[in-house]
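**Q** For reference, the structure I am asking about is given below.
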Amino acid sequence: GTSYVDGTTTVKVKQVRLIGDFANAGILNLNGGEWVNASQSATTYTLNSGNFVTAVADAVGTSKAQLNNEDSYLMILPQTTTCKIEVTYDVITTDVALSGGNSTITNVITSDAFDFEFVKGNAYNFCLHLGLTSVKFDATVSDWNEIDGIAVNVPLN
């Protein structure tokens, strides 16, 4: 459901983007299980309704809420890359004095670039910590064993 910051304010995620240089194709050497001829190019993965994530706008809460469908994941070739995470979200404040009964402020916040290694056989969870004027990120990795990951902070909006 929607996250109510107080009795009159709601935060709704609209879009999450993973931006960076990614290898999106290559040749898998079955002898060693390694990818070869996989060159990186500028790529943006947009996660929003109809593209990996459904009902993003209503999936923020005060506790963890999974934004993607249970069976929908972004598969990335094993690689080390530099990337950023961008979050677009609305802060909606109810005010009966306004036309339409509320005001909406859209925030687009992008993290600083960070190096990240996608290791074969691992699954990664990127967690977004939303506030009214800021977003913080962290990541966890599991080789089916949870390990604390990388924290990526973005400036205040």
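Ligands are numbered from 1 in the order shown, chains are lettered A, B, ... in the order of the structure tokens, and residues start at 1 in each chain.
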Please provide as a short mmCIF file (atom, residue, chain, number, x, y, z; two decimals) with C-alpha atoms, in the first residue's frame all residues within 10 Å of stretch 16-31 of chain A, with the sequence filter that same-chain residues fewer than 5 positions apart are discarded (counting only C-alpha atoms).
**A**
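Saved to around-v6.cif:
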```
data_model
loop_
_atom_site.label_atom_id
_atom_site.label_comp_id
_atom_site.auth_asym_id
_atom_site.auth_seq_id
_atom_site.Cartn_x
_atom_site.Cartn_y
_atom_site.Cartn_z
CA VAL A 36 33.96 -13.46 -23.61
CA ASN A 37 33.61 -10.65 -26.17
CA ALA A 38 31.18 -8.87 -23.86
CA SER A 39 31.88 -5.16 -24.33
CA GLN A 40 30.13 -2.56 -22.22
CA SER A 41 28.04 0.29 -23.56
CA ALA A 42 25.86 2.97 -22.01
CA THR A 43 22.60 1.35 -20.89
CA THR A 44 19.62 2.42 -18.81
CA TYR A 45 17.30 -0.15 -17.28
CA THR A 46 13.98 1.51 -16.46
CA LEU A 47 11.92 -0.26 -13.84
CA ASN A 48 8.35 0.94 -13.84
CA VAL A 53 7.90 -3.59 -11.92
CA VAL A 56 5.33 0.77 -8.19
CA LEU A 67 8.68 -3.47 -6.15
CA MET A 75 19.28 -10.50 -15.44
CA ILE A 76 22.72 -8.90 -15.85
CA LEU A 77 25.83 -10.61 -17.21
CA PRO A 78 28.60 -11.08 -14.63
CA GLN A 79 30.78 -7.94 -14.77
CA THR A 80 32.26 -5.04 -12.84
CA THR A 81 30.77 -1.73 -13.82
CA THR A 82 30.17 1.82 -12.70
CA CYS A 83 26.51 2.71 -12.35
CA LYS A 84 23.99 5.06 -10.74
CA ILE A 85 20.46 4.60 -9.44
CA GLU A 86 17.80 7.19 -10.20
CA VAL A 87 14.47 7.31 -8.38
CA THR A 88 11.44 9.34 -9.42
CA TYR A 89 8.79 9.69 -6.74
CA VAL A 108 14.01 12.91 -9.26
CA ILE A 109 17.11 11.96 -7.29
CA THR A 110 20.19 10.25 -8.71
CA SER A 111 22.94 8.60 -6.71
CA ALA A 113 28.28 6.87 -9.53
CA PHE A 114 29.50 3.75 -7.73
CA ASP A 115 31.46 0.67 -8.76
CA LEU A 128 15.56 2.30 -1.53
#
```
**Q** What separation in Å, quoted to one decimal, exists between atom CA of A:Thr10 and atom CA of A:Thr106?
**A**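 Between these atoms lies a distance of 11.8 Å.
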**Q** Between atom CA of A:Tyr124 and atom CA of A:Gly33, what is the spacing in Å?
**A**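 Taking atom CA of A:Gly33 and atom CA of A:Tyr124, their separation equals 20.2 Å.
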